[in-house]
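Inspection log for the structure reproduced underneath, given as structure tokens.
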Amino acid sequence: MPAAHWLALAVTLSAAWLTVAAIRRAALTTATGRTFFTSGTHGPARWGLLILATVAALALAAPLVAPYAPSAQLDIVALQNRPPSFAHPLGTDLYSRDVWSRLLFGARVSLAVGALGMGVAVTVGTAVGAVAGYWRGAVDAVLMRVVDVGLSVPRIFVLLVLAGLWERMPVGVLVLAIGLTSWFGTSRLVRAEVLAAREREFVQAARAVGAGTARIVVRHILPNAAAPIFVTAALGTGAVMLLESGLSFLGIGVAAPLPSWGNMIADARDSVRSAPWSVLAPGLAIGLVVTACAAVADGLRDALDPRRARRASEQLAPFPGSWDLSSPMRDPRPDTPRNRA
Amino acid sequence: MRKTASFAVTLALAVACRPTDACRGDACGTLVVAALGEPATLLPPVTDQQLARDVHDQLFLKLADVGMSANTVGDADFEPQLAQRWEWEDSLTLVFHLHADARWQDGRPVTAGDVAFTFTAYTDSQVASPARPALARIAGVTARDSLTAEFRFSQTFPEMFYTAVHHLRILPEHLLRDVPRGQWSTAEFGRAPVGNGPYRLVSWTPGVALTLAADTGFFLGRPHIARLVWRFQPDLAAAVNLVVAGEADAIEILVTPDNVQRARETPHLTLYPYPGLAYGYLGFNLRANGDPSRPHPLFGDREVRRALTMAVDRERMRASTLGDLAKVPPGPIVTLWPLWEPRPRELLHDTAAAARLLAERGWVDRDGDGVREKAGVPLAFGIMLPSTSGLRRQFARLLQEQLAAVGAKVAIDEVDGPVQGERAGAGRFDAYLGGWNVDPTPSTGIGGTWTSAAAGLANHVRYANPAFDDLVARATSGAGSPDSVRALWRHALEVFNDDAPAIVLFAMDNVAAVHARVADVRIRPDSHWALVRTWRIPADRMIERDRVAPAAN
Amino acid sequence: MAAWLARRLLAALAILWTVATLTFVAIQAAPGDPFLPTAERPADPAVVATLRRQFGLDRPLPEQYARYLGALATGDLGMSFSQRRPVATAIAAALPHTLLLAAAALLLDYVIGIAIGLIQAATAGRRLDDALTVTTLMVASLPAFWVALVLLLVFGEWLRWLPVAGAYDPALYDALPLAGRIADRLRHLALPAATLGLLGAAATARYQRAALLEALGQEYVRTARAKGLDERRVLLRHAWRNALVPITALVGLALPFLLTGAVLVETVFAWPGMGRLAADAITLRDYPLVTGTALTASAVVVLGSLVADLLLRAADPRVRVHD
């Protein structure tokens with residue numbers, strides 16, 4: 001790896017760390033920020049944020065930091081499945097591509113898929129939850145039955161069938177498909193918050209002074225559901241990344257030659273014996289980022305609203321991968337008086 | 001005290017966990033085959049799945065079978081099976097005399113009536129046999145007496161004998177007569193077949209394995225190995241794992257140099273190389289994507305195809321993917337055929353010549369985006385391949401990069417098998433990575449795949465050259481000798497290579513791995529397990545599973 | 001209670017009907033013809049047409065749908081295209097394997113998860129608690145199939161301690177005495193169950209820790225402490241019992257996770273279960289098998305959540321009041 005790339009790496013890392021330090025300094029002036037950065041004994045949220053910032057910075061700076069083009073086949077005979085070396089810090093893969101370079105460019109795809117997929121899911125889930133919770137009645141009943149169906153089919157089946165609809169699924173469709181099959185739990189969560197909030201005094205007051213429905217929902221009710229939504233979003237990003245990797249492993253994720261961490265594992269699967277590094281590196285990268293997302297979610301939970309948000313992150317989605325995927329994000333105590341309140 | 005107790009428990013467990021030693025003596029032995037899939041049915045005419053054919057080899061005999069030389073012209077190299085002998089009464093009439101001792105596994109004798117019945121079944125459109133088209137030149141089959149069957153042909157051709165015996169596995173008329181032909185594809189018989197071969201089906205657990213037991217009264221001699229288990233493992237790497245871990249005994253093809261290396265380093269495995277029956281190619285669709293009535297904007301031009309062929313380094317791709325296990329072939333041929341020649345002579349790797357040729361034909365990168373274009377059309381196309389083939393995926397990725405170097409932009413379409421079938425049939429693709437391995441003869445391998453008569457059937461790229469068609473027609477008709485037939489095929493290959501309707505990428509050689517305790521292993525290249533009944537596991541080398549009596553299933 | 005159950009069952013039927021309809025439509029809309037041979041082999045149009053007719057694909061789609069639903073009502077899931085046998089038979093062969101894997105994984109998940117949760121609650125705020133928090137967080141964040149690959153490589157191939165594939169050894173199993181069969185099953189079960197179980201346990205531990213800490217802050221626990229009970233008793237007798245209620249409810253909800261994880265883990269370990277069956281069915285466009293597996297999976301999930309609710313009603317009397 002030439003010196004220029006080491007330099008670029010150093011600059012990128014410094015930039016990411018300085019940014020996080022600056023954010024932290026600014027945040028510590030507010031109570032919420034303080035809680036976020038000190039939640040847990042050693043501030044896991046802080047480390048999570050640092051990891052996310054680092055990976056994001058590396059992804060952005062990939063063309064500068066990566067020594068090779070991500071799909072360049074350097075020498076298909078002499079450089080196949082080479083172990084890590086100074087020239088190739090993480091070795092090369094079956095196609096003689098530099099694993100470190102692919103990891104950097106793969107971060108762009110994996111992070112983008114995670115963030116966008118989560119964005120779609122949280123947006124749809126929030127909208128449906130708000131509508132169902134505010135209007136109640138028939139609208140609510142219909143929407144919640146849809147959610148019931150959505151939660152009853154293991155999502156991987158839905159995605160496998162959906163993938164079959166395309167001869168080659170574009171990444172955009174993949175993100176939409178993931179997002180549109182991931183909102184069911186979020187909508188239940190938001191609905192519960194909205195149900196509770198719509199009866200509160202300030203909403204009654206707003207209604208009394210003649211505020212429009214849309215305005216009431218957006219300005220008065222949703223902010224109350226913000227805490228669980230943020231927590232869900234942080235967890236969701238990680239969960240979508242896990243899901244994308246699983247789909248890529250089954251051959252229906254991000255298509256080659258675009259590198260994603262998931263399809264890097266899938267590509268390297270058959271050479272796992274001769275080149276374990278080509279499987280280990282992307283797997284650990286996914287684990288690291290998903291852990292960081294979960295740590296940030298923990299911090300957000302503590303900082304934003306200890307009581308309500310905890311329900312989102314612990315009871316409804318006990319761990320990152322479970323976000324709407326493992327245990328559908330439904331309240332384990334659906335009918336208890338406490339939750340009805 | 002405590003130590004003794006725990007020792008006793010361990011001992012008791014060890015004893016309780018051992019299989020009951022039921023099989024003693026030489027007539028034992030279990031061969032576990034790591035099978036890369038599972039048959040859908042074991043009723044031969046209904047399927048031509050590789051896996052089903054492997055099992056059929058043990059259950060249903062043919063009248064005669066291809067020999068070790070795999071020569072398919074004439075009848076000299078064929079081995080008698082159900083037929084003890086045969087003779088030609090005239091140039092169009094072939095008479096088989098069945099072995100009088102041949103028996104169905106329910107005890108009934110195998111008769112000439114069964115042979116005639118088998119022919120009507122294979123050619124009945126209701127049965128929908130994939131082999132039906134191959135039988136078109138047989139006019140009819142009749143039983144002269146209980147042991148004499150007569151085949152009448154409608155014309156003479158070099159592979160008459162092969163055509164008569166290769167596709168037909170003789171079926172029991174008395175068990176299948178009453179099964180409505182329209183229901184053969186899902187017939188119960190396909191799950192519980194009664195055959196006439198060296199082994200019979202004992203059990204079949206879906207998704208796990210099927211077990212065969214030696215037929216002790218088999219008329220051609222009792223098989224040495226008492227039990228065959230096909231253990232289904234569709235994933236190649238996992239199947240190799242099974243063999244390396246000693247959980248399975250045999251795998252017929254290791255495919256990659258990596259796997260061969262692993263097997264070689266495993267002391268309990270012996271490797272058996274044998275000539276291959278497969279070639280792989282990148283076929284260029286000569287007609288427009290989705291519209292066979294128009295020429296393809298890129299590949300309609302012969303010079304573009306030739307240029308792209310020169311643009312890729314087939315030798316390096318071979319070295320990168322298959323190493324010593326494959327050769328770059330001089331045309332669409334496999335190493336097993338007598339036609340085989342060691343190396344290609346034309347359109348060798350030469351990127352400069354390729355670039356020159358493309359520029360001559362008007363394909364130039366004017367906008368500097370790295371992709372050539374001509375009259376606004378970019379030199380861009382998709383390569384279609386089945387999502388299940390790791391090897392072809394590897395070739396596609398390599399081709400993508402190599403073609404990018406001469407200014408061609410390649411997208412890879414990995415599609416599910418049924419999608420590939422549909423798009424290939426409709427001509428809805430630019431290029432596709434194909435592989436060929438079915439029959440041990442160029443008649444189907446070249447003739448059935450690249451002639452204009454096969455356009456839209458197996459000739460998905462719709463290659464059509466009357467000169468090529470004519471040479472193939474001459475090679476597959478008349479009373480040609482092996483030498484004259486070979487010369488005609490060679491000439492046809494030259495025409496094919498000049499036209500470059502496909503880049504033929506590799507011809508594979510195979511390596512099987514078999515457990516070292518198995519003796520007398522012989523592998524017939526065209527049908528790897530066909531000779532298993534002559535393999536042996538000596539009594540002194542037997543391991544735990546060898547002692548399991550077949551009846552235990 | 002009866003009315004509640006009837007309502008739930010009716011809702012379950014509606015869900016299953018929706019699932020059947022959606023899968024039926026989606027898979028038929030997918031490109032690809034289940035009866036065309038792959039490109040290598042010549043497609044004889046007559047053969048393809050015959051097969052399509054024999055499997056009823058030549059009829060108009062609404063008629064196929066009506067026939068399918070009609071058959072479904074009588075419990076007939078149709079005939080698999082690719083396996084040439086009834087779909088019900090294929091599923092009956094695969095489902096027990098998946099349920100066995102799920103049960104084993106769930107057992108590991110709960111035993112390990114609850115144990116870690118208890119340890120963490122007992123040592124809350126101390127270094128062990130922190131270490132376990134970080135560990136469980138990281139383990140729960142790993143992709144299941146990746147963990148499966150790594151475990152397979154280490155324990156199956158490098159150390160050779162455990163078998164590399166399958167649910168049992170088909171060459172030996174039938175000849176083994178009962179103890180041997182159980183041992184053979186356990187050896188094959190170890191790696192796939194450990195993969196799913198460990199990931200699940202990490203999650204359960206987090207959940208259990210939170211539930212325990214919440215319970216420890218409750219009034220009755222403070223009362224118990226005030227009465228002078230020692231801390232271990234408080235934790236095990238009072239807090240844990242309460243914290244188990246929500247955990248029990250999660251059992252039923254863990255099923256979709258296990259089924260999803262199963263698709264990937266079954267692929268890696270060649271486990272002959274529903275996940276592999278469904279994935280293959282989709283790849284091969286085996287319409288009846290796709291619909292059949294989706295229906296079965298949904299039925300399992302719906303049933304699981306019903307059971308979970310029943311358990312919850314048994315455990316928590318407050319729920320019943322609100323019928």
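Ligands are numbered from 1 in the order shown, residues from 1 within each chain, and chains are lettered A, B, ... in the order they appear in the structure tokens.
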Do you know which residues are at most 7 Å from Pro259 in chain A counting only C-alpha atoms, after dropping those on the same chain fewer than 5 positions away, and could you put them as number ranges by chain?
-> A: 102, 105-106, 264
Dump as a PDB file, in the first residue's frame, selection limited to C-alpha atoms:
ATOM      1  CA  ARG A 102     -13.401  -3.734  -1.370  1.00  0.00           C
ATOM      2  CA  PHE A 105     -16.070   0.646  -1.045  1.00  0.00           C
ATOM      3  CA  GLY A 106     -18.388  -2.008   0.367  1.00  0.00           C
ATOM      4  CA  MET A 264     -18.169 -10.103  -0.172  1.00  0.00           C
TER       5      MET A 264
END
Within 8 Å of chain B, which residues of chain C are there when counting only C-alpha atoms? Please give them as an mmCIF file with N, CA and C atoms, in the first residue's frame.
data_model
loop_
_atom_site.group_PDB
_atom_site.id
_atom_site.type_symbol
_atom_site.label_atom_id
_atom_site.label_comp_id
_atom_site.auth_asym_id
_atom_site.auth_seq_id
_atom_site.Cartn_x
_atom_site.Cartn_y
_atom_site.Cartn_z
ATOM 1 N N PRO C 31 -40.950 -14.086 -13.187
ATOM 2 C CA PRO C 31 -40.542 -14.619 -14.480
ATOM 3 C C PRO C 31 -39.986 -16.022 -14.324
ATOM 4 N N GLY C 32 -39.973 -16.768 -15.418
ATOM 5 C CA GLY C 32 -39.413 -18.110 -15.362
ATOM 6 C C GLY C 32 -40.500 -19.153 -15.490
ATOM 7 N N ASP C 33 -40.189 -20.196 -16.248
ATOM 8 C CA ASP C 33 -41.149 -21.255 -16.462
ATOM 9 C C ASP C 33 -40.650 -22.506 -15.759
ATOM 10 N N PRO C 34 -41.435 -23.018 -14.798
ATOM 11 C CA PRO C 34 -40.941 -24.143 -14.014
ATOM 12 C C PRO C 34 -40.652 -25.389 -14.834
ATOM 13 N N PHE C 35 -41.230 -25.483 -16.030
ATOM 14 C CA PHE C 35 -41.064 -26.736 -16.775
ATOM 15 C C PHE C 35 -40.092 -26.633 -17.928
ATOM 16 N N LEU C 36 -39.517 -25.438 -18.144
ATOM 17 C CA LEU C 36 -38.516 -25.345 -19.191
ATOM 18 C C LEU C 36 -37.201 -25.868 -18.639
ATOM 19 N N PRO C 37 -36.515 -26.703 -19.412
ATOM 20 C CA PRO C 37 -35.211 -27.149 -18.929
ATOM 21 C C PRO C 37 -34.253 -25.974 -18.937
ATOM 22 N N THR C 38 -33.193 -26.038 -18.140
ATOM 23 C CA THR C 38 -32.203 -24.969 -18.177
ATOM 24 C C THR C 38 -31.579 -24.952 -19.561
ATOM 25 N N ALA C 39 -30.899 -23.859 -19.865
ATOM 26 C CA ALA C 39 -30.509 -23.588 -21.245
ATOM 27 C C ALA C 39 -29.678 -24.686 -21.899
ATOM 28 N N GLU C 40 -29.048 -25.536 -21.094
ATOM 29 C CA GLU C 40 -28.142 -26.516 -21.675
ATOM 30 C C GLU C 40 -28.863 -27.569 -22.505
ATOM 31 N N ARG C 41 -30.062 -27.918 -22.046
ATOM 32 C CA ARG C 41 -30.709 -29.033 -22.696
ATOM 33 C C ARG C 41 -31.763 -28.530 -23.674
ATOM 34 N N PRO C 42 -31.924 -29.202 -24.801
ATOM 35 C CA PRO C 42 -32.911 -28.756 -25.768
ATOM 36 C C PRO C 42 -34.298 -28.779 -25.151
ATOM 37 N N ALA C 43 -35.038 -27.703 -25.318
ATOM 38 C CA ALA C 43 -36.392 -27.645 -24.805
ATOM 39 C C ALA C 43 -37.325 -28.169 -25.884
ATOM 40 N N ASP C 44 -37.877 -29.357 -25.664
ATOM 41 C CA ASP C 44 -38.855 -29.878 -26.605
ATOM 42 C C ASP C 44 -40.208 -29.258 -26.249
ATOM 43 N N ALA C 46 -43.151 -29.755 -27.119
ATOM 44 C CA ALA C 46 -44.245 -30.688 -26.852
ATOM 45 C C ALA C 46 -44.163 -31.219 -25.420
ATOM 46 N N VAL C 47 -42.933 -31.513 -24.978
ATOM 47 C CA VAL C 47 -42.733 -32.014 -23.612
ATOM 48 C C VAL C 47 -43.177 -30.968 -22.601
ATOM 49 N N VAL C 48 -42.758 -29.722 -22.832
ATOM 50 C CA VAL C 48 -43.111 -28.655 -21.901
ATOM 51 C C VAL C 48 -44.622 -28.472 -21.838
ATOM 52 N N THR C 50 -46.955 -30.651 -22.499
ATOM 53 C CA THR C 50 -47.583 -31.787 -21.821
ATOM 54 C C THR C 50 -47.488 -31.631 -20.304
ATOM 55 N N LEU C 51 -46.306 -31.273 -19.841
ATOM 56 C CA LEU C 51 -46.129 -31.132 -18.399
ATOM 57 C C LEU C 51 -47.004 -30.012 -17.849
ATOM 58 N N GLN C 54 -50.369 -31.343 -17.544
ATOM 59 C CA GLN C 54 -50.535 -32.317 -16.469
ATOM 60 C C GLN C 54 -50.564 -31.668 -15.092
ATOM 61 N N SER C 82 -41.196 -29.892 -8.704
ATOM 62 C CA SER C 82 -39.806 -30.312 -8.763
ATOM 63 C C SER C 82 -39.581 -31.640 -8.076
ATOM 64 N N GLN C 83 -40.410 -31.974 -7.099
ATOM 65 C CA GLN C 83 -40.192 -33.225 -6.383
ATOM 66 C C GLN C 83 -41.141 -34.320 -6.827
ATOM 67 N N ARG C 84 -42.103 -33.956 -7.655
ATOM 68 C CA ARG C 84 -43.038 -34.950 -8.203
ATOM 69 C C ARG C 84 -43.691 -35.769 -7.103
ATOM 70 N N ARG C 85 -44.020 -35.102 -6.020
ATOM 71 C CA ARG C 85 -44.713 -35.778 -4.934
ATOM 72 C C ARG C 85 -45.596 -34.735 -4.269
ATOM 73 N N ALA C 90 -43.706 -33.508 1.168
ATOM 74 C CA ALA C 90 -42.398 -32.841 1.222
ATOM 75 C C ALA C 90 -42.274 -32.016 2.497
ATOM 76 N N ALA C 93 -41.842 -34.046 5.610
ATOM 77 C CA ALA C 93 -40.484 -34.558 5.786
ATOM 78 C C ALA C 93 -39.554 -33.488 6.339
ATOM 79 N N ALA C 94 -39.808 -32.232 5.987
ATOM 80 C CA ALA C 94 -38.863 -31.166 6.348
ATOM 81 C C ALA C 94 -39.194 -30.488 7.678
ATOM 82 N N GLU C 157 -14.239 -28.605 10.414
ATOM 83 C CA GLU C 157 -13.185 -28.910 9.457
ATOM 84 C C GLU C 157 -11.791 -28.891 10.066
ATOM 85 N N ARG C 160 -12.340 -31.096 13.511
ATOM 86 C CA ARG C 160 -13.016 -32.367 13.211
ATOM 87 C C ARG C 160 -13.751 -32.950 14.414
ATOM 88 N N PRO C 163 -19.789 -33.352 13.035
ATOM 89 C CA PRO C 163 -20.089 -33.581 11.622
ATOM 90 C C PRO C 163 -20.328 -32.256 10.878
ATOM 91 N N VAL C 164 -20.066 -32.257 9.574
ATOM 92 C CA VAL C 164 -20.112 -31.024 8.819
ATOM 93 C C VAL C 164 -21.474 -30.741 8.193
ATOM 94 N N ALA C 165 -22.336 -31.740 8.120
ATOM 95 C CA ALA C 165 -23.596 -31.479 7.423
ATOM 96 C C ALA C 165 -24.655 -32.489 7.813
ATOM 97 N N GLY C 166 -25.909 -32.097 7.606
ATOM 98 C CA GLY C 166 -27.012 -33.029 7.756
ATOM 99 C C GLY C 166 -27.562 -33.117 9.159
ATOM 100 N N ASP C 169 -26.567 -39.257 10.354
ATOM 101 C CA ASP C 169 -25.769 -39.987 9.390
ATOM 102 C C ASP C 169 -26.628 -41.072 8.740
ATOM 103 N N PRO C 170 -27.043 -40.875 7.496
ATOM 104 C CA PRO C 170 -27.999 -41.813 6.887
ATOM 105 C C PRO C 170 -27.414 -43.210 6.691
ATOM 106 N N ALA C 171 -26.077 -43.323 6.677
ATOM 107 C CA ALA C 171 -25.493 -44.643 6.446
ATOM 108 C C ALA C 171 -25.467 -45.479 7.710
ATOM 109 N N LEU C 172 -25.612 -44.840 8.870
ATOM 110 C CA LEU C 172 -25.512 -45.567 10.126
ATOM 111 C C LEU C 172 -26.803 -45.547 10.939
ATOM 112 N N ASP C 174 -30.038 -45.905 10.965
ATOM 113 C CA ASP C 174 -31.061 -46.938 11.143
ATOM 114 C C ASP C 174 -30.531 -48.172 11.860
ATOM 115 N N ALA C 175 -29.212 -48.368 11.796
ATOM 116 C CA ALA C 175 -28.654 -49.554 12.425
ATOM 117 C C ALA C 175 -28.271 -49.314 13.881
ATOM 118 N N LEU C 176 -28.367 -48.065 14.331
ATOM 119 C CA LEU C 176 -27.918 -47.748 15.683
ATOM 120 C C LEU C 176 -28.983 -48.087 16.717
ATOM 121 N N PRO C 177 -28.533 -48.476 17.921
ATOM 122 C CA PRO C 177 -29.497 -48.600 19.014
ATOM 123 C C PRO C 177 -29.952 -47.207 19.447
ATOM 124 N N LEU C 178 -30.960 -47.149 20.282
ATOM 125 C CA LEU C 178 -31.574 -45.870 20.626
ATOM 126 C C LEU C 178 -30.555 -44.845 21.116
ATOM 127 N N ALA C 179 -29.683 -45.266 22.059
ATOM 128 C CA ALA C 179 -28.714 -44.322 22.607
ATOM 129 C C ALA C 179 -27.812 -43.778 21.504
ATOM 130 N N GLY C 180 -27.443 -44.672 20.592
ATOM 131 C CA GLY C 180 -26.600 -44.261 19.487
ATOM 132 C C GLY C 180 -27.298 -43.261 18.597
ATOM 133 N N ARG C 181 -28.584 -43.496 18.372
ATOM 134 C CA ARG C 181 -29.351 -42.566 17.538
ATOM 135 C C ARG C 181 -29.396 -41.187 18.166
ATOM 136 N N ALA C 183 -27.284 -39.945 20.296
ATOM 137 C CA ALA C 183 -25.955 -39.336 20.231
ATOM 138 C C ALA C 183 -25.686 -38.786 18.834
ATOM 139 N N PHE C 269 -25.425 -25.564 6.886
ATOM 140 C CA PHE C 269 -25.211 -26.900 7.444
ATOM 141 C C PHE C 269 -25.959 -28.002 6.701
ATOM 142 N N ALA C 270 -26.512 -27.683 5.548
ATOM 143 C CA ALA C 270 -27.253 -28.671 4.768
ATOM 144 C C ALA C 270 -28.286 -29.381 5.642
ATOM 145 N N PRO C 272 -31.827 -30.572 6.496
ATOM 146 C CA PRO C 272 -32.924 -30.837 5.553
ATOM 147 C C PRO C 272 -34.267 -30.283 6.031
ATOM 148 N N THR C 283 -36.431 -20.840 -6.022
ATOM 149 C CA THR C 283 -35.461 -20.852 -7.122
ATOM 150 C C THR C 283 -35.981 -21.653 -8.310
ATOM 151 N N LEU C 284 -36.674 -22.762 -8.019
ATOM 152 C CA LEU C 284 -37.131 -23.636 -9.097
ATOM 153 C C LEU C 284 -38.525 -23.263 -9.599
ATOM 154 N N ARG C 285 -39.109 -22.199 -9.024
ATOM 155 C CA ARG C 285 -40.465 -21.784 -9.397
ATOM 156 C C ARG C 285 -41.452 -22.937 -9.227
#
For Asp350 in chain B: contacts at 12 Å, only C-alpha atoms, fewer than 6 positions along chain excluded, given as JSON, numbers by chain = {"B": [306, 307, 308, 309, 310, 311, 312, 313, 314, 315, 356, 357, 402, 405, 406]}
Keeping N, CA and C atoms for every residue in the selection just given, could you write it to a file as a short mmCIF file (atom, residue, chain, number, x, y, z; two decimals), in the first residue's frame?
data_model
loop_
_atom_site.label_atom_id
_atom_site.label_comp_id
_atom_site.auth_asym_id
_atom_site.auth_seq_id
_atom_site.Cartn_x
_atom_site.Cartn_y
_atom_site.Cartn_z
N ARG B 306 -15.42 -12.09 -33.37
CA ARG B 306 -14.03 -12.54 -33.42
C ARG B 306 -13.13 -11.65 -32.57
N ALA B 307 -13.40 -10.34 -32.62
CA ALA B 307 -12.59 -9.41 -31.83
C ALA B 307 -12.75 -9.70 -30.34
N LEU B 308 -13.99 -9.92 -29.90
CA LEU B 308 -14.22 -10.19 -28.48
C LEU B 308 -13.57 -11.50 -28.07
N THR B 309 -13.56 -12.46 -28.99
CA THR B 309 -12.90 -13.73 -28.67
C THR B 309 -11.41 -13.51 -28.44
N MET B 310 -10.81 -12.65 -29.28
CA MET B 310 -9.38 -12.39 -29.11
C MET B 310 -9.10 -11.55 -27.86
N ALA B 311 -10.13 -10.80 -27.41
CA ALA B 311 -9.92 -9.90 -26.29
C ALA B 311 -9.75 -10.64 -24.96
N VAL B 312 -10.23 -11.88 -24.91
CA VAL B 312 -10.15 -12.57 -23.62
C VAL B 312 -9.00 -13.56 -23.60
N ASP B 313 -8.38 -13.66 -22.44
CA ASP B 313 -7.24 -14.56 -22.28
C ASP B 313 -7.74 -15.87 -21.70
N ARG B 314 -8.09 -16.76 -22.59
CA ARG B 314 -8.70 -18.01 -22.12
C ARG B 314 -7.72 -18.85 -21.30
N GLU B 315 -6.45 -18.81 -21.68
CA GLU B 315 -5.49 -19.61 -20.94
C GLU B 315 -5.37 -19.15 -19.48
N ARG B 356 -7.93 -3.24 -32.56
CA ARG B 356 -7.84 -2.80 -33.94
C ARG B 356 -9.08 -3.20 -34.72
N LEU B 357 -9.46 -4.47 -34.56
CA LEU B 357 -10.60 -5.00 -35.30
C LEU B 357 -11.89 -4.25 -34.92
N GLN B 402 -12.07 -8.58 -18.19
CA GLN B 402 -11.24 -8.66 -19.39
C GLN B 402 -11.86 -7.91 -20.56
N ALA B 405 -11.43 -4.19 -20.50
CA ALA B 405 -10.13 -3.70 -20.93
C ALA B 405 -10.11 -3.34 -22.42
N VAL B 406 -11.01 -3.91 -23.24
CA VAL B 406 -11.05 -3.51 -24.65
C VAL B 406 -12.25 -2.59 -24.92
#
For chain B against chain A, which residues fall within 7 Å using only C-alpha atoms, given as a PyMOL selection string?
-> chain B and resi 237+316+319-320+413+415
Neighbouring residues of Gly299 in chain A were defined as those with any atom within 9 Å, considering only C-alpha atoms; residues of the same chain fewer than 3 positions away were excluded. Please report them as a PDB file with C-alpha atoms, in the first residue's frame.
ATOM      1  CA  THR A  35     -26.860  11.407  29.365  1.00  0.00           C
ATOM      2  CA  PHE A  36     -26.155  10.097  25.899  1.00  0.00           C
ATOM      3  CA  PHE A  37     -22.414  10.284  26.271  1.00  0.00           C
ATOM      4  CA  THR A  38     -22.310   8.896  29.780  1.00  0.00           C
ATOM      5  CA  SER A  39     -25.004   6.250  29.642  1.00  0.00           C
ATOM      6  CA  GLY A  40     -23.721   2.856  30.685  1.00  0.00           C
ATOM      7  CA  GLY A  43     -20.211   5.207  27.698  1.00  0.00           C
ATOM      8  CA  PRO A  44     -20.739   2.534  25.048  1.00  0.00           C
ATOM      9  CA  ALA A  45     -22.767   5.054  23.093  1.00  0.00           C
ATOM     10  CA  ARG A  46     -19.696   7.186  22.763  1.00  0.00           C
ATOM     11  CA  VAL A 231     -34.137   4.361  19.009  1.00  0.00           C
ATOM     12  CA  ALA A 294     -27.035  -0.922  19.048  1.00  0.00           C
ATOM     13  CA  ALA A 295     -24.778   0.966  21.436  1.00  0.00           C
ATOM     14  CA  VAL A 296     -25.940   4.275  20.008  1.00  0.00           C
ATOM     15  CA  ASP A 302     -31.303   6.592  28.076  1.00  0.00           C
ATOM     16  CA  ALA A 303     -30.904  10.153  26.885  1.00  0.00           C
ATOM     17  CA  LEU A 304     -34.257  10.770  25.264  1.00  0.00           C
TER      18      LEU A 304
END
Taking the chain letters and numbering used in this document, name the residues of range 66-201 of chain A that DSSP puts in helix (DSSP H, G or I), as a PyMOL selection string.
-> chain A and resi 99-135+137-152+155-165+171-180+184-197+201
Which of these residues is nearest to Leu165 in chain A, using only C-alpha atoms: A:Ala177, A:Pro223, A:Pro276, A:Val109?
-> A:Ala177
Within 6 Å of range 228-245 of chain C, counting only C-alpha atoms, which residues qualify if same-chain residues fewer than 4 places away don't, as a PyMOL selection string?
-> chain C and resi 211-212+215-216
Between CA of Thr195 in chain C and CA of Ala144 in chain C, distance in Å (one decimal) | 6.7 Å
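The spacing separating CA of Tyr274 in chain B from CA of Thr534 in chain B amounts to 17.5 Å.
For the residues A:Arg191, A:His5, A:Arg145, A:Arg207, ranking by smallest atom-to-atom distance to chain C using only C-alpha atoms places A:Arg145 first.
Among the candidates A:Ala87, A:Ala275, A:Ala121, A:Ala26, the residue lying nearest to chain C is A:Ala275 (atoms considered: only C-alpha atoms).
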Atomic distance CA of Pro440 in chain B - CA of Val66 in chain B, expressed in Å with one decimal | 8.7 Å
